[in-house]
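Participant: What follows is final_6.txt, compact mmCIF, C-alpha atoms.
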```txt
# COMPACT_ATOMS: atom_id res chain seq x y z
CA MET A 1 -62.45 -33.52 -39.34
CA PRO A 2 -65.16 -34.83 -41.69
CA ASN A 3 -65.33 -38.42 -42.81
CA LEU A 4 -63.72 -38.52 -46.23
CA PRO A 5 -65.64 -40.11 -49.08
CA GLY A 6 -64.47 -43.56 -50.10
CA VAL A 7 -62.80 -44.13 -46.78
CA ALA A 8 -62.97 -47.56 -45.18
CA GLU A 9 -65.38 -48.03 -42.32
CA VAL A 10 -64.48 -46.69 -38.94
CA PRO A 11 -63.12 -49.44 -36.69
CA ASP A 12 -65.61 -50.93 -34.25
CA THR A 13 -66.17 -49.01 -31.02
CA ILE A 14 -64.23 -46.02 -32.34
CA VAL A 15 -66.40 -42.94 -32.20
CA LEU A 16 -64.84 -40.29 -34.38
CA LYS A 17 -66.26 -37.38 -32.47
CA ARG A 18 -64.77 -38.64 -29.25
CA HIS A 19 -61.68 -40.54 -30.34
CA ARG A 20 -60.56 -38.43 -33.27
CA ASP A 21 -62.04 -34.99 -32.70
CA LEU A 22 -61.66 -35.42 -28.93
CA GLU A 23 -65.07 -33.96 -28.27
CA GLY A 24 -65.50 -33.69 -24.51
CA ARG A 25 -61.89 -34.69 -23.95
CA HIS A 26 -60.14 -31.37 -24.26
CA LYS A 27 -60.02 -30.89 -20.52
CA ASP A 28 -58.47 -34.34 -19.98
CA VAL A 29 -55.02 -33.23 -20.93
CA TRP A 30 -55.13 -30.32 -18.47
CA PHE A 31 -56.39 -32.62 -15.78
CA ARG A 32 -53.46 -34.94 -16.51
CA ARG A 33 -51.01 -32.04 -16.48
CA GLY A 34 -52.45 -30.82 -13.18
CA LEU A 35 -51.98 -34.22 -11.60
CA LEU A 36 -48.48 -34.46 -13.02
CA THR A 37 -47.69 -31.11 -11.43
CA LEU A 38 -48.95 -32.44 -8.12
CA VAL A 39 -46.68 -35.45 -8.48
CA ALA A 40 -43.78 -33.13 -9.33
CA VAL A 41 -44.43 -31.21 -6.13
CA ILE A 42 -43.50 -34.28 -4.05
CA PRO A 43 -39.76 -34.39 -4.96
CA VAL A 44 -39.59 -30.59 -4.79
CA LEU A 45 -40.93 -30.71 -1.23
CA GLY A 46 -38.38 -33.45 -0.57
CA LEU A 47 -35.60 -31.16 -1.79
CA PHE A 48 -36.76 -28.52 0.65
CA ASN A 49 -36.49 -30.99 3.52
CA VAL A 50 -40.22 -31.16 4.13
CA PHE A 51 -39.98 -34.93 4.63
CA GLY A 52 -36.70 -34.85 6.57
CA GLN A 53 -34.11 -35.71 7.62
CA ARG A 54 -31.79 -32.72 7.49
CA PRO A 55 -30.68 -31.97 11.07
CA GLY A 56 -31.34 -28.66 12.72
CA LYS A 57 -29.27 -26.95 15.40
CA PRO A 58 -31.60 -25.57 18.06
CA THR A 59 -29.65 -23.94 20.84
CA VAL A 60 -30.46 -22.69 24.31
CA ALA A 61 -28.05 -20.79 26.52
CA THR A 62 -28.26 -19.56 30.08
CA ALA A 63 -25.69 -18.14 32.44
CA ALA A 64 -24.92 -21.64 33.64
CA ALA A 65 -24.75 -23.65 30.47
CA ARG A 66 -25.31 -23.79 26.77
CA LEU A 67 -27.02 -26.71 25.06
CA GLN A 68 -27.00 -27.24 21.33
CA LEU A 69 -28.90 -30.12 19.81
CA TYR A 70 -27.96 -31.43 16.40
CA ALA A 71 -30.91 -33.57 15.27
CA PRO A 72 -33.60 -33.67 12.61
CA SER A 73 -37.09 -32.55 13.45
CA ARG A 74 -38.50 -34.53 10.53
CA ALA A 75 -37.83 -38.13 9.66
CA ARG A 76 -39.41 -41.05 7.83
CA GLY A 77 -40.22 -44.59 8.92
CA GLY A 78 -37.18 -46.85 8.94
CA LEU A 79 -34.57 -44.09 8.75
CA LEU A 80 -31.41 -44.01 10.82
CA TYR A 81 -30.43 -40.71 12.36
CA GLU A 82 -28.17 -39.17 14.93
CA ALA A 83 -28.82 -36.72 17.71
CA ARG A 84 -25.85 -34.88 19.15
CA PHE A 85 -26.05 -32.95 22.39
CA HIS A 86 -23.37 -30.29 22.89
CA ILE A 87 -23.38 -29.22 26.52
CA THR A 88 -21.03 -26.38 27.32
CA ALA A 89 -20.60 -25.57 30.97
CA ARG A 90 -20.34 -21.83 31.45
CA GLN A 91 -20.12 -22.52 35.15
CA GLU A 92 -19.00 -25.75 36.70
CA ILE A 93 -21.70 -28.40 36.58
CA LYS A 94 -21.08 -30.86 39.37
CA ASN A 95 -23.54 -33.48 38.29
CA ALA A 96 -24.99 -32.91 34.86
CA ILE A 97 -28.24 -34.71 34.22
CA LEU A 98 -29.94 -34.69 30.87
CA VAL A 99 -33.67 -35.33 30.95
CA LEU A 100 -35.28 -36.34 27.68
CA ASP A 101 -38.96 -36.42 26.82
CA PRO A 102 -40.37 -39.91 26.24
CA GLY A 103 -40.70 -38.86 22.58
CA TRP A 104 -37.02 -39.66 22.22
CA ALA A 105 -37.73 -43.35 22.80
CA GLU A 106 -41.27 -43.60 21.48
CA GLY A 107 -41.55 -45.53 18.19
CA GLN A 108 -37.84 -45.63 17.54
CA GLN A 109 -34.87 -47.78 18.41
CA ILE A 110 -32.09 -46.23 20.45
CA ASN A 111 -29.14 -47.97 18.87
CA THR A 112 -26.44 -46.43 20.98
CA ILE A 113 -25.64 -43.70 23.49
CA GLU A 114 -22.01 -42.60 23.53
CA PRO A 115 -20.37 -41.98 25.90
CA GLY A 116 -22.54 -44.24 28.02
CA PRO A 117 -24.12 -42.22 30.86
CA SER A 118 -23.12 -43.19 34.36
CA GLY A 119 -26.75 -43.62 35.27
CA GLU A 120 -30.10 -44.06 33.56
CA ALA A 121 -33.42 -43.67 35.28
CA SER A 122 -36.99 -42.56 34.84
CA ARG A 123 -37.95 -39.13 36.09
CA ASP A 124 -41.69 -38.91 36.16
CA GLY A 125 -41.91 -40.76 32.84
CA GLN A 126 -38.96 -38.99 31.25
CA LEU A 127 -35.58 -40.48 30.48
CA GLU A 128 -32.92 -39.35 32.87
CA LEU A 129 -29.29 -39.68 31.79
CA THR A 130 -26.65 -38.89 34.38
CA LEU A 131 -23.59 -37.47 32.67
CA GLY A 132 -21.55 -36.43 35.71
CA HIS A 133 -19.12 -33.60 36.23
CA ILE A 134 -18.46 -30.99 33.53
CA PRO A 135 -15.77 -28.45 34.46
CA GLN A 136 -16.36 -24.81 33.66
CA GLY A 137 -15.62 -23.93 30.05
CA GLN A 138 -15.64 -27.54 28.89
CA THR A 139 -18.01 -29.25 26.51
CA TYR A 140 -19.68 -32.59 26.96
CA LEU A 141 -20.65 -34.21 23.67
CA LEU A 142 -23.29 -36.90 23.82
CA PHE A 143 -24.12 -38.95 20.72
CA MET A 144 -27.32 -40.90 20.35
CA GLN A 145 -28.12 -43.02 17.31
CA PHE A 146 -31.70 -43.86 16.43
CA GLN A 147 -33.72 -45.81 13.93
CA VAL A 148 -37.35 -44.90 13.42
CA ASN A 149 -39.71 -47.85 13.56
CA PRO A 150 -41.20 -48.39 10.08
CA THR A 151 -44.75 -48.37 11.44
CA ASN A 152 -44.21 -45.23 13.45
CA VAL A 153 -46.00 -42.07 12.41
CA ALA A 154 -45.88 -38.88 14.47
CA TRP A 155 -46.86 -35.27 14.14
CA ARG A 156 -44.71 -32.86 16.16
CA ARG A 157 -44.03 -35.37 18.91
CA PRO A 158 -42.37 -33.49 21.78
CA GLN A 159 -38.68 -34.23 22.19
CA ASN A 160 -37.77 -31.61 24.73
CA VAL A 161 -34.45 -31.74 26.53
CA GLU A 162 -33.79 -30.45 30.02
CA LEU A 163 -30.45 -30.02 31.69
CA PHE A 164 -30.03 -30.22 35.43
CA ASP A 165 -27.15 -29.87 37.80
CA GLY A 166 -28.25 -32.38 40.40
CA ASN A 167 -31.69 -31.13 41.29
CA THR A 168 -31.14 -27.63 39.94
CA HIS A 169 -32.79 -26.95 36.64
CA LEU A 170 -30.41 -25.20 34.24
CA LEU A 171 -32.23 -25.00 30.94
CA THR A 172 -34.89 -26.46 28.67
CA LEU A 173 -34.56 -26.93 24.93
CA LYS A 174 -37.78 -27.31 22.97
CA HIS A 175 -37.70 -29.81 20.15
CA HIS A 176 -40.19 -32.01 18.34
CA LEU A 177 -40.15 -34.77 15.79
CA THR A 178 -42.51 -35.38 12.89
CA VAL A 179 -42.32 -38.85 11.39
CA PHE A 180 -43.68 -39.45 7.90
CA PRO A 181 -44.91 -42.95 7.01
CA MET B 1 -52.94 -53.71 9.28
CA ASP B 2 -50.33 -51.22 8.13
CA LEU B 3 -49.16 -53.64 5.43
CA ALA B 4 -52.60 -53.68 3.83
CA LEU B 5 -52.82 -49.89 4.11
CA ARG B 6 -49.37 -49.38 2.66
CA SER B 7 -50.16 -51.75 -0.19
CA ALA B 8 -53.40 -49.91 -0.94
CA VAL B 9 -51.78 -46.48 -0.83
CA ILE B 10 -48.92 -47.56 -3.09
CA PHE B 11 -51.34 -49.34 -5.43
CA PHE B 12 -53.41 -46.21 -5.97
CA PHE B 13 -50.34 -43.99 -6.21
CA VAL B 14 -48.75 -46.20 -8.86
CA PHE B 15 -52.11 -46.46 -10.62
CA LEU B 16 -52.44 -42.68 -10.69
CA LEU B 17 -48.85 -42.30 -11.81
CA MET B 18 -49.28 -44.76 -14.65
CA ARG B 19 -52.42 -42.99 -15.79
CA ILE B 20 -50.85 -39.55 -15.88
CA VAL B 21 -47.44 -40.52 -17.22
CA GLY B 22 -49.09 -41.30 -20.52
CA ARG B 23 -49.62 -44.61 -22.18
CA ARG B 24 -47.05 -44.18 -24.89
CA GLU B 25 -44.24 -44.11 -22.31
CA LEU B 26 -45.54 -47.28 -20.74
CA SER B 27 -45.79 -49.35 -23.87
CA SER B 28 -42.35 -48.67 -25.25
CA LEU B 29 -40.01 -50.70 -23.12
CA GLU B 30 -36.56 -49.68 -24.20
CA PRO B 31 -33.70 -51.11 -22.10
CA PHE B 32 -33.58 -47.92 -20.05
CA ASP B 33 -37.33 -48.14 -19.38
CA LEU B 34 -36.89 -51.72 -18.27
CA ILE B 35 -34.22 -50.72 -15.77
CA LEU B 36 -36.42 -47.89 -14.53
CA LEU B 37 -39.25 -50.36 -14.09
CA VAL B 38 -37.06 -52.60 -11.93
CA VAL B 39 -35.91 -49.60 -9.87
CA LEU B 40 -39.52 -48.49 -9.47
CA GLY B 41 -40.55 -51.97 -8.36
CA ASP B 42 -37.73 -52.15 -5.85
CA SER B 43 -38.54 -48.71 -4.39
CA VAL B 44 -42.19 -49.60 -4.09
CA GLN B 45 -41.44 -52.95 -2.47
CA GLN B 46 -39.35 -51.34 0.24
CA ALA B 47 -42.04 -48.80 0.99
CA VAL B 48 -44.67 -51.52 1.24
CA THR B 49 -42.96 -54.25 3.26
CA GLN B 50 -40.10 -52.27 4.85
CA ASP B 51 -38.45 -54.67 7.35
CA ASP B 52 -41.14 -57.32 7.22
CA TYR B 53 -39.62 -60.51 5.86
CA SER B 54 -42.46 -62.81 6.88
CA VAL B 55 -44.49 -65.04 4.60
CA THR B 56 -47.61 -63.69 6.30
CA GLY B 57 -46.57 -60.19 5.32
CA ALA B 58 -46.12 -61.27 1.71
CA PHE B 59 -49.59 -62.91 1.80
CA ILE B 60 -51.16 -59.69 3.06
CA VAL B 61 -49.45 -57.50 0.49
CA VAL B 62 -50.02 -59.77 -2.50
CA SER B 63 -53.64 -60.42 -1.53
CA THR B 64 -54.34 -56.70 -1.08
CA ILE B 65 -52.86 -55.79 -4.44
CA ALA B 66 -54.62 -58.67 -6.19
CA LEU B 67 -57.96 -57.72 -4.64
CA LEU B 68 -57.53 -54.08 -5.60
CA GLN B 69 -56.64 -55.07 -9.12
CA VAL B 70 -59.78 -57.22 -9.37
CA PHE B 71 -61.79 -54.41 -7.80
CA MET B 72 -60.56 -51.91 -10.38
CA SER B 73 -61.23 -54.37 -13.15
CA TYR B 74 -64.75 -54.95 -11.78
CA LEU B 75 -65.37 -51.20 -11.59
CA ASN B 76 -64.15 -50.85 -15.13
CA PHE B 77 -66.53 -53.56 -16.25
CA ARG B 78 -69.59 -52.53 -14.24
CA VAL B 79 -69.40 -48.75 -14.45
CA PRO B 80 -68.93 -47.62 -18.04
CA ARG B 81 -68.61 -44.00 -16.93
CA LEU B 82 -65.43 -44.88 -15.06
CA ARG B 83 -63.77 -46.60 -18.00
CA PRO B 84 -62.16 -43.46 -19.42
CA ILE B 85 -60.67 -42.78 -15.99
CA ILE B 86 -59.55 -46.29 -15.17
CA ASP B 87 -58.50 -47.51 -18.58
CA GLY B 88 -58.33 -44.37 -20.68
CA GLU B 89 -59.70 -44.11 -24.18
CA PRO B 90 -58.27 -44.85 -27.60
CA ILE B 91 -57.27 -41.93 -29.73
CA VAL B 92 -57.10 -41.78 -33.50
CA ILE B 93 -53.65 -40.72 -34.66
CA VAL B 94 -53.76 -41.34 -38.41
CA GLN B 95 -56.69 -41.18 -40.78
CA ASP B 96 -56.42 -41.90 -44.45
CA GLY B 97 -52.62 -41.72 -44.48
CA LYS B 98 -52.52 -38.35 -42.72
CA VAL B 99 -51.30 -37.83 -39.19
CA ILE B 100 -53.74 -35.90 -37.02
CA GLU B 101 -51.19 -33.46 -35.66
CA GLY B 102 -53.12 -32.30 -32.61
CA ASN B 103 -53.77 -35.82 -31.39
CA ALA B 104 -50.19 -36.93 -31.99
CA ARG B 105 -48.84 -33.88 -30.16
CA ARG B 106 -51.21 -34.48 -27.29
CA GLU B 107 -49.77 -37.97 -26.86
CA ARG B 108 -46.20 -36.74 -27.44
CA LEU B 109 -45.90 -38.88 -30.57
CA THR B 110 -43.56 -37.79 -33.33
CA LEU B 111 -43.91 -38.73 -36.96
CA ASP B 112 -40.86 -40.95 -36.48
CA ASP B 113 -42.55 -42.80 -33.63
CA ILE B 114 -45.62 -43.46 -35.74
CA ALA B 115 -43.60 -44.52 -38.77
CA GLU B 116 -41.52 -46.85 -36.60
CA ALA B 117 -44.61 -48.44 -35.11
CA ALA B 118 -45.99 -48.87 -38.64
CA ARG B 119 -42.79 -50.52 -39.83
CA MET B 120 -43.02 -52.94 -36.93
CA GLN B 121 -46.32 -54.04 -38.41
CA GLN B 122 -44.79 -54.40 -41.88
CA ILE B 123 -46.27 -51.17 -43.14
CA ALA B 124 -43.72 -49.27 -45.19
CA SER B 125 -45.55 -46.00 -45.63
CA LEU B 126 -48.12 -44.16 -43.58
CA GLU B 127 -49.90 -43.44 -46.85
CA ASP B 128 -50.99 -47.09 -46.80
CA VAL B 129 -52.60 -46.60 -43.42
CA GLN B 130 -56.30 -46.02 -43.21
CA TRP B 131 -56.49 -45.78 -39.44
CA ALA B 132 -53.87 -45.71 -36.73
CA VAL B 133 -55.21 -45.78 -33.22
CA LEU B 134 -53.30 -45.35 -29.99
CA GLU B 135 -54.97 -47.96 -27.83
CA THR B 136 -55.47 -47.74 -24.09
CA SER B 137 -52.60 -50.21 -23.67
CA GLY B 138 -50.26 -47.72 -25.31
CA GLU B 139 -49.91 -49.80 -28.45
CA LEU B 140 -50.40 -48.20 -31.85
CA THR B 141 -52.61 -50.37 -34.03
CA PHE B 142 -52.85 -49.89 -37.76
CA ILE B 143 -55.58 -50.68 -40.23
CA GLU B 144 -54.37 -50.58 -43.79
CA LYS B 145 -56.28 -49.10 -46.69
CA GLN B 146 -58.29 -51.52 -48.70
CA LYS B 147 -56.55 -52.25 -51.98
CA ASN B 148 -58.81 -52.58 -55.02
```
For this file, write the structure as structure tokens.

Facilitator:
Amino acid sequence: MPNLPGVAEVPDTIVLKRHRDLEGRHKDVWFRRGLLTLVAVIPVLGLFNVFGQRPGKPTVATAAARLQLYAPSRARGGLLYEARFHITARQEIKNAILVLDPGWAEGQQINTIEPGPSGEASRDGQLELTLGHIPQGQTYLLFMQFQVNPTNVAWRRPQNVELFDGNTHLLTLKHHLTVFP
Amino acid sequence: MDLALRSAVIFFFVFLLMRIVGRRELSSLEPFDLILLVVLGDSVQQAVTQDDYSVTGAFIVVSTIALLQVFMSYLNFRVPRLRPIIDGEPIVIVQDGKVIEGNARRERLTLDDIAEAARMQQIASLEDVQWAVLETSGELTFIEKQKN
């Protein structure tokens, strides 16, 4: 737009080419829109559970037992969550022992384990929870409540679960946890 | 250490957000905007300090944010090339009583918005306006025509 005749002086530091005609600034608005789109991607990813903490239901079954885990594989610092272990005995399990990877205790508070296991121990660095007898056809439901430490960050930290009958290995369930800051 | 890192990350994220949201939105604090601002502040605070209630934690966070603010201000002062990025640039919205449509649309300003801002500066008609400039602060400033 040309300067009109008789028009008052342009205000100090205003350069008409740049501030009125936007010379060299036409890309700015697209840059801004691009960044805004990037920002908009964050809640969309959140809606699709990229940042947790919607629980999954990984399941493993063998002839002896079936184990279903109900727990998120993604969480964020400070969040409370629950892990539920459904153990169904297809055959009688005389002394069920659940062995958890140390990733279940690493960087998070274990607020409660219900029902309390009859024994807790370390098995070569893993957490060993003795659950006891599970008659054939029955289900043992173990609840664990956690809170992720706010400073904890993890990428696919192993949280595998193994089920034993005494010293006999029955099954292994693969699970992992990613913790966003 | 994580407190300083969290503060820095949130500082730059909020800075980026404020730059791309557009200045007009930031300058007009309607009651709803004010509530949003409080909600934003609260969300940010929780992300920064989380469960840290210590005075030391507050010192770390406040110092980090203050230092970053001074740093940005210093950059803005020392590196003229960065000014458009850090502070933005003014944009002429009205010249000689006429709204520059493209510029107003770019800043999502309606004729009503401009007229309202003019009225707030005791200017009844945009025809009396020589220049209206949307400043980097988000304020619209008006320079009236010289009356002979």

Participant: Write out as JSON lines a residue-level contact list of chain A versus chain B with cut-off 6 Å: for each qualifying residue the closest pair of atoms and the distance in Å to one decimal, counting all atoms listed in the file, rows sorted by chain and residue number upward.

Facilitator:
```
{"residue": "A:His19", "atom": "CA", "partner": "B:Ile91", "partner_atom": "CA", "distance": 4.7}
{"residue": "A:Arg20", "atom": "CA", "partner": "B:Val92", "partner_atom": "CA", "distance": 4.8}
{"residue": "A:Arg32", "atom": "CA", "partner": "B:Ile20", "partner_atom": "CA", "distance": 5.3}
```

Participant: Could those selected residues go to a file with C-alpha atoms, as a short mmCIF file (atom, residue, chain, number, x, y, z; two decimals), in the coordinates of the input?

Facilitator:
```cif
data_model
loop_
_atom_site.label_atom_id
_atom_site.label_comp_id
_atom_site.auth_asym_id
_atom_site.auth_seq_id
_atom_site.Cartn_x
_atom_site.Cartn_y
_atom_site.Cartn_z
CA HIS A 19 -61.68 -40.54 -30.34
CA ARG A 20 -60.56 -38.43 -33.27
CA ARG A 32 -53.46 -34.94 -16.51
#
```

Participant: What is the atom CA of A:Tyr81 to atom CA of A:Asp124 distance in Å?

Facilitator: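 If I compute the distance from atom CA of A:Tyr81 to atom CA of A:Asp124, I get 26.4 Å.
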
Participant: In terms of the shortest atom-to-atom distance over only C-alpha atoms, which of A:Thr37, A:Leu141, A:Pro150, A:Ile97 is closest to B:Gln46?

Facilitator: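 The closest residue to B:Gln46 is A:Pro150.
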
Participant: To one decimal place, how far is atom CA of A:Ile134 from atom CA of A:Asp165 in Å?

Facilitator: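 A separation of 9.7 Å between them.
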
Participant: Please report, as JSON, the centre and edge lengths in Å to one decimal of an axis-aligned box covering all listed atoms of stretch 78-82 of chain B with 8 Å per side.

Facilitator:
```
{"center_x": -67.5, "center_y": -48.3, "center_z": -16.1, "size_x": 20.2, "size_y": 24.5, "size_z": 19.8}
```

Participant: Mind giving me the straight-line distance from atom CA of B:Val70 to atom CA of B:Gln45 in Å, one decimal?

Facilitator: 20.1 Å

Participant: With a distance cut-off of 10 Å and all atoms listed in the file, select the neighbouring residues of A:Thr168, excluding the residue or stretch itself and same-chain residues fewer than 5 positions from it, and output the selection as a PyMOL selection string.

Facilitator: chain A and resi 95-97+163

Participant: Using all atoms listed in the file, find all polymer residues with an atom at most 12 Å away from the point (-30.0, -31.9, 6.3); report them as an NGL selection string.

Facilitator: :A and (46-57 or 70-75 or 81-82)

Participant: Using all atoms listed in the file for the distances, tell me which of A:Gly116, A:Pro43, A:Pro158, A:Gly78 is nearest to A:Thr178.

Facilitator: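 Closest to A:Thr178 of all the choices is A:Pro158.
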
Participant: Here is a test: counting only C-alpha atoms, which residue of B:Leu36, B:Leu5, B:Leu126, B:Glu135 is nearest to B:Ser63?

Facilitator: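 Closest to B:Ser63, using only C-alpha atoms: B:Leu5.
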
Participant: Mind listing whatever residues come within 12 Å of the point (-28.2, -30.2, 38.5)? Use all atoms listed in the file, file coordinates, and give them as a list in words.

Facilitator: Ala64, Ala65, Ala89, Gln91, Glu92, Ile93, Lys94, Asn95, Ala96, Ile97, Leu98, Val99, Glu128, Leu129, Thr130, Leu131, Gly132, His133, Ile134, Glu162, Leu163, Phe164, Asp165, Gly166, Asn167, Thr168, His169, Leu170 and Leu171 of chain A

Participant: Could you give me, as a ChimeraX atom specification, the residues within 7 Å of stretch 101-109 of chain A, counting all atoms listed in the file and dropping anything in the same chain fewer than 4 positions from it?

Facilitator: /A:125-127,146-149,152,157-161

Participant: Could you turn the residues from that selection into a file that holds C-alpha atoms, as an mmCIF file, in the coordinates of the input?

Facilitator:
```cif
data_model
loop_
_atom_site.group_PDB
_atom_site.id
_atom_site.type_symbol
_atom_site.label_atom_id
_atom_site.label_comp_id
_atom_site.auth_asym_id
_atom_site.auth_seq_id
_atom_site.Cartn_x
_atom_site.Cartn_y
_atom_site.Cartn_z
ATOM 1 C CA GLY A 125 -41.910 -40.760 32.840
ATOM 2 C CA GLN A 126 -38.960 -38.990 31.250
ATOM 3 C CA LEU A 127 -35.580 -40.480 30.480
ATOM 4 C CA PHE A 146 -31.700 -43.860 16.430
ATOM 5 C CA GLN A 147 -33.720 -45.810 13.930
ATOM 6 C CA VAL A 148 -37.350 -44.900 13.420
ATOM 7 C CA ASN A 149 -39.710 -47.850 13.560
ATOM 8 C CA ASN A 152 -44.210 -45.230 13.450
ATOM 9 C CA ARG A 157 -44.030 -35.370 18.910
ATOM 10 C CA PRO A 158 -42.370 -33.490 21.780
ATOM 11 C CA GLN A 159 -38.680 -34.230 22.190
ATOM 12 C CA ASN A 160 -37.770 -31.610 24.730
ATOM 13 C CA VAL A 161 -34.450 -31.740 26.530
#
```

Participant: Pick from B:Val38, B:Ala4, B:Leu82, B:Leu140: nearest to B:Ala66, with all atoms listed in the file counted?

Facilitator: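 That would be B:Ala4, the residue with the smallest distance to B:Ala66.
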